[in-house]
Amino acid sequence: FLPAAGAREIVPVPAEPRYAAEVSFIGAGYDETRAHFLLALQQHVQVRVWGPGWEPWRTQLAWNGGVVEHTVFARVCASATCTLGLLPARAAGATIYASDRLWMTILAGGLYLGPWAPGLETLLLDMVHCAWYHDFEECVRRVAWAKKAAPEQARIRQQGEAFVRAHHTYDARVPFLLAGREWVNPL
């Protein structure tokens, strides 16, 4: 078992007002369950969506119209209160399931707020490295908390970035793969 990882070249950048949002979601619009979640969430908080494939919801969502990569990806993460993770419907019931968006967001210095799945707490700790939510209502509560808790939010961003950089980059995974050794979980 070798969990996904992120590229160490992804680094935090300063926030920029033109990318600001309470919640940013970076990802493709191929799964309408994601769209329904985001549409419901924007009834409670400001949501901006980044990525391809959101044309069916372009009039309903604040959508940038295309892909964001590299420094722009990092700016979106740095400029949002939370960068949201949303699992596609095909991941329902999976264990230790996380998108590479998790690792990229944290390496970019973002506060990742993602759906809890069994086993994820063995990779990252809630409210230490990132924030997990179990359902829609908890997601809304976590965003409200993050809007008011700047010092704690900054601490989680910093601890998460340092931990992922030390233990969850491709560079950290490759030695296990090349040596044919089982991956050693740092937690």
# chains A, B, ... in the order shown; residues from 1 in each chain; ligands from 1
call {"tool": "select_by_dssp", "arguments": {"residues": "range 43-82 of chain A", "states": "alpha helix (DSSP H)", "output": "number ranges by chain"}}
result
A: 70-79
call {"tool": "closest_atom_pairs", "arguments": {"of": "range 6-74 of chain A", "to": "range 150-170 of chain A", "cutoff": "12 Å", "atoms": "only C-alpha atoms", "output": "JSON lines"}}
result
{"residue": "A:Gly6", "atom": "CA", "partner": "A:Thr169", "partner_atom": "CA", "distance": 4.6}
{"residue": "A:Ala7", "atom": "CA", "partner": "A:Thr169", "partner_atom": "CA", "distance": 5.5}
{"residue": "A:Arg8", "atom": "CA", "partner": "A:Thr169", "partner_atom": "CA", "distance": 5.8}
{"residue": "A:Glu9", "atom": "CA", "partner": "A:Thr169", "partner_atom": "CA", "distance": 9.4}
{"residue": "A:Ile10", "atom": "CA", "partner": "A:Arg165", "partner_atom": "CA", "distance": 9.4}
{"residue": "A:Val11", "atom": "CA", "partner": "A:Glu161", "partner_atom": "CA", "distance": 8.8}
{"residue": "A:Pro12", "atom": "CA", "partner": "A:Glu161", "partner_atom": "CA", "distance": 8.5}
call {"tool": "closest_residue", "arguments": {"among": "A:Pro3, A:Pro14, A:Gly66, A:Gly119", "to": "Ala28 in chain A", "atoms": "only C-alpha atoms"}}
result
A:Gly66
call {"tool": "atom_distance", "arguments": {"atom1": "CA of Ala78 in chain A", "atom2": "CA of Ile106 in chain A"}}
result
9.7 Å
call {"tool": "closest_residue", "arguments": {"among": "A:Gly27, A:Pro52, A:Gly180, A:Pro17", "to": "Leu84 in chain A", "atoms": "only C-alpha atoms"}}
result
A:Gly27
call {"tool": "closest_residue", "arguments": {"among": "A:Cys139, A:Val184, A:Asp171, A:Val72", "to": "Ala40 in chain A", "atoms": "only C-alpha atoms"}}
result
A:Cys139
call {"tool": "residues_around", "arguments": {"residues": "Gly29 in chain A", "least_positions_apart": "2", "cutoff": "8 Å", "atoms": "only C-alpha atoms", "output": "list in words"}}
result
Gly27, Asp31, Glu32, Arg34, Ala35, Gly51, Pro52, Gly53 and Trp54 of chain A
call {"tool": "write_last_selection", "arguments": {"atoms": "N, CA, C and O atoms", "output": "mmCIF file, in the first residue's frame"}}
result
data_model
loop_
_atom_site.group_PDB
_atom_site.id
_atom_site.type_symbol
_atom_site.label_atom_id
_atom_site.label_comp_id
_atom_site.auth_asym_id
_atom_site.auth_seq_id
_atom_site.Cartn_x
_atom_site.Cartn_y
_atom_site.Cartn_z
ATOM 1 N N GLY A 27 -11.493 21.594 -9.126
ATOM 2 C CA GLY A 27 -11.722 20.249 -9.642
ATOM 3 C C GLY A 27 -12.679 20.271 -10.808
ATOM 4 O O GLY A 27 -13.318 21.278 -11.105
ATOM 5 N N ASP A 31 -19.123 15.348 -12.164
ATOM 6 C CA ASP A 31 -19.997 14.611 -11.253
ATOM 7 C C ASP A 31 -21.048 15.567 -10.702
ATOM 8 O O ASP A 31 -20.733 16.481 -9.945
ATOM 9 N N GLU A 32 -22.306 15.353 -11.068
ATOM 10 C CA GLU A 32 -23.342 16.293 -10.652
ATOM 11 C C GLU A 32 -23.571 16.298 -9.139
ATOM 12 O O GLU A 32 -24.081 17.283 -8.605
ATOM 13 N N ARG A 34 -21.237 16.618 -7.007
ATOM 14 C CA ARG A 34 -20.382 17.722 -6.563
ATOM 15 C C ARG A 34 -21.096 19.054 -6.768
ATOM 16 O O ARG A 34 -21.072 19.927 -5.905
ATOM 17 N N ALA A 35 -21.711 19.207 -7.923
ATOM 18 C CA ALA A 35 -22.423 20.457 -8.220
ATOM 19 C C ALA A 35 -23.544 20.693 -7.220
ATOM 20 O O ALA A 35 -23.707 21.815 -6.716
ATOM 21 N N GLY A 51 -11.841 25.060 -12.350
ATOM 22 C CA GLY A 51 -11.618 23.797 -13.042
ATOM 23 C C GLY A 51 -12.517 23.667 -14.258
ATOM 24 O O GLY A 51 -13.440 24.448 -14.451
ATOM 25 N N PRO A 52 -12.271 22.648 -15.064
ATOM 26 C CA PRO A 52 -13.049 22.462 -16.292
ATOM 27 C C PRO A 52 -14.363 21.718 -16.044
ATOM 28 O O PRO A 52 -14.545 21.071 -15.016
ATOM 29 N N GLY A 53 -15.275 21.832 -16.993
ATOM 30 C CA GLY A 53 -16.457 20.991 -17.013
ATOM 31 C C GLY A 53 -17.660 21.458 -16.232
ATOM 32 O O GLY A 53 -18.600 20.690 -16.023
ATOM 33 N N TRP A 54 -17.682 22.706 -15.829
ATOM 34 C CA TRP A 54 -18.802 23.206 -15.032
ATOM 35 C C TRP A 54 -19.835 23.955 -15.878
ATOM 36 O O TRP A 54 -20.698 24.641 -15.334
#
call {"tool": "closest_residue", "arguments": {"among": "A:Ile26, A:Ala74, A:Leu123, A:Leu87", "to": "Trp183 in chain A", "atoms": "only C-alpha atoms"}}
result
A:Leu123
call {"tool": "decode", "arguments": {"residues": "range 19-45 of chain A", "atoms": "N, CA and C atoms", "output": "JSON list (two decimals), in the first residue's frame"}}
result
[["chain", "number", "residue", "atom", "x", "y", "z"],
["A", 19, "TYR", "N", -8.41, 36.32, -6.09],
["A", 19, "TYR", "CA", -8.73, 34.89, -5.94],
["A", 19, "TYR", "C", -9.46, 34.60, -4.64],
["A", 20, "ALA", "N", -9.79, 35.63, -3.87],
["A", 20, "ALA", "CA", -10.38, 35.45, -2.54],
["A", 20, "ALA", "C", -11.74, 34.76, -2.59],
["A", 21, "ALA", "N", -11.97, 33.93, -1.60],
["A", 21, "ALA", "CA", -13.26, 33.26, -1.41],
["A", 21, "ALA", "C", -13.32, 32.70, 0.00],
["A", 22, "GLU", "N", -14.51, 32.52, 0.50],
["A", 22, "GLU", "CA", -14.63, 31.79, 1.76],
["A", 22, "GLU", "C", -14.31, 30.31, 1.52],
["A", 23, "VAL", "N", -14.86, 29.78, 0.42],
["A", 23, "VAL", "CA", -14.58, 28.40, 0.03],
["A", 23, "VAL", "C", -14.23, 28.37, -1.44],
["A", 24, "SER", "N", -13.11, 27.74, -1.74],
["A", 24, "SER", "CA", -12.75, 27.48, -3.14],
["A", 24, "SER", "C", -12.81, 25.97, -3.36],
["A", 25, "PHE", "N", -13.34, 25.59, -4.50],
["A", 25, "PHE", "CA", -13.28, 24.19, -4.92],
["A", 25, "PHE", "C", -12.54, 24.15, -6.23],
["A", 26, "ILE", "N", -11.47, 23.33, -6.29],
["A", 26, "ILE", "CA", -10.68, 23.18, -7.50],
["A", 26, "ILE", "C", -10.88, 21.74, -7.97],
["A", 27, "GLY", "N", -11.49, 21.59, -9.13],
["A", 27, "GLY", "CA", -11.72, 20.25, -9.64],
["A", 27, "GLY", "C", -12.68, 20.27, -10.81],
["A", 28, "ALA", "N", -12.79, 19.14, -11.46],
["A", 28, "ALA", "CA", -13.62, 19.01, -12.65],
["A", 28, "ALA", "C", -15.09, 18.84, -12.29],
["A", 29, "GLY", "N", -15.94, 19.31, -13.18],
["A", 29, "GLY", "CA", -17.39, 19.26, -12.99],
["A", 29, "GLY", "C", -18.04, 18.06, -13.65],
["A", 30, "TYR", "N", -17.40, 16.92, -13.60],
["A", 30, "TYR", "CA", -17.94, 15.73, -14.26],
["A", 30, "TYR", "C", -18.97, 14.99, -13.42],
["A", 31, "ASP", "N", -19.12, 15.35, -12.16],
["A", 31, "ASP", "CA", -20.00, 14.61, -11.25],
["A", 31, "ASP", "C", -21.05, 15.57, -10.70],
["A", 32, "GLU", "N", -22.31, 15.35, -11.07],
["A", 32, "GLU", "CA", -23.34, 16.29, -10.65],
["A", 32, "GLU", "C", -23.57, 16.30, -9.14],
["A", 33, "THR", "N", -23.15, 15.25, -8.43],
["A", 33, "THR", "CA", -23.29, 15.29, -6.97],
["A", 33, "THR", "C", -22.40, 16.38, -6.38],
["A", 34, "ARG", "N", -21.24, 16.62, -7.01],
["A", 34, "ARG", "CA", -20.38, 17.72, -6.56],
["A", 34, "ARG", "C", -21.10, 19.05, -6.77],
["A", 35, "ALA", "N", -21.71, 19.21, -7.92],
["A", 35, "ALA", "CA", -22.42, 20.46, -8.22],
["A", 35, "ALA", "C", -23.54, 20.69, -7.22],
["A", 36, "HIS", "N", -24.31, 19.67, -6.90],
["A", 36, "HIS", "CA", -25.41, 19.83, -5.94],
["A", 36, "HIS", "C", -24.89, 20.23, -4.56],
["A", 37, "PHE", "N", -23.77, 19.64, -4.14],
["A", 37, "PHE", "CA", -23.16, 19.99, -2.86],
["A", 37, "PHE", "C", -22.74, 21.46, -2.88],
["A", 38, "LEU", "N", -22.05, 21.89, -3.94],
["A", 38, "LEU", "CA", -21.59, 23.28, -4.04],
["A", 38, "LEU", "C", -22.74, 24.26, -4.12],
["A", 39, "LEU", "N", -23.80, 23.91, -4.85],
["A", 39, "LEU", "CA", -24.97, 24.78, -4.94],
["A", 39, "LEU", "C", -25.63, 24.95, -3.57],
["A", 40, "ALA", "N", -25.71, 23.87, -2.81],
["A", 40, "ALA", "CA", -26.27, 23.97, -1.46],
["A", 40, "ALA", "C", -25.35, 24.75, -0.54],
["A", 41, "LEU", "N", -24.05, 24.53, -0.66],
["A", 41, "LEU", "CA", -23.09, 25.22, 0.21],
["A", 41, "LEU", "C", -23.11, 26.72, -0.02],
["A", 42, "GLN", "N", -23.28, 27.15, -1.26],
["A", 42, "GLN", "CA", -23.26, 28.59, -1.52],
["A", 42, "GLN", "C", -24.49, 29.30, -0.96],
["A", 43, "GLN", "N", -25.45, 28.56, -0.46],
["A", 43, "GLN", "CA", -26.57, 29.18, 0.25],
["A", 43, "GLN", "C", -26.15, 29.64, 1.65],
["A", 44, "HIS", "N", -24.97, 29.17, 2.10],
["A", 44, "HIS", "CA", -24.48, 29.49, 3.45],
["A", 44, "HIS", "C", -23.20, 30.32, 3.44],
["A", 45, "VAL", "N", -22.34, 30.11, 2.45],
["A", 45, "VAL", "CA", -21.04, 30.80, 2.38],
["A", 45, "VAL", "C", -20.71, 31.13, 0.93]]
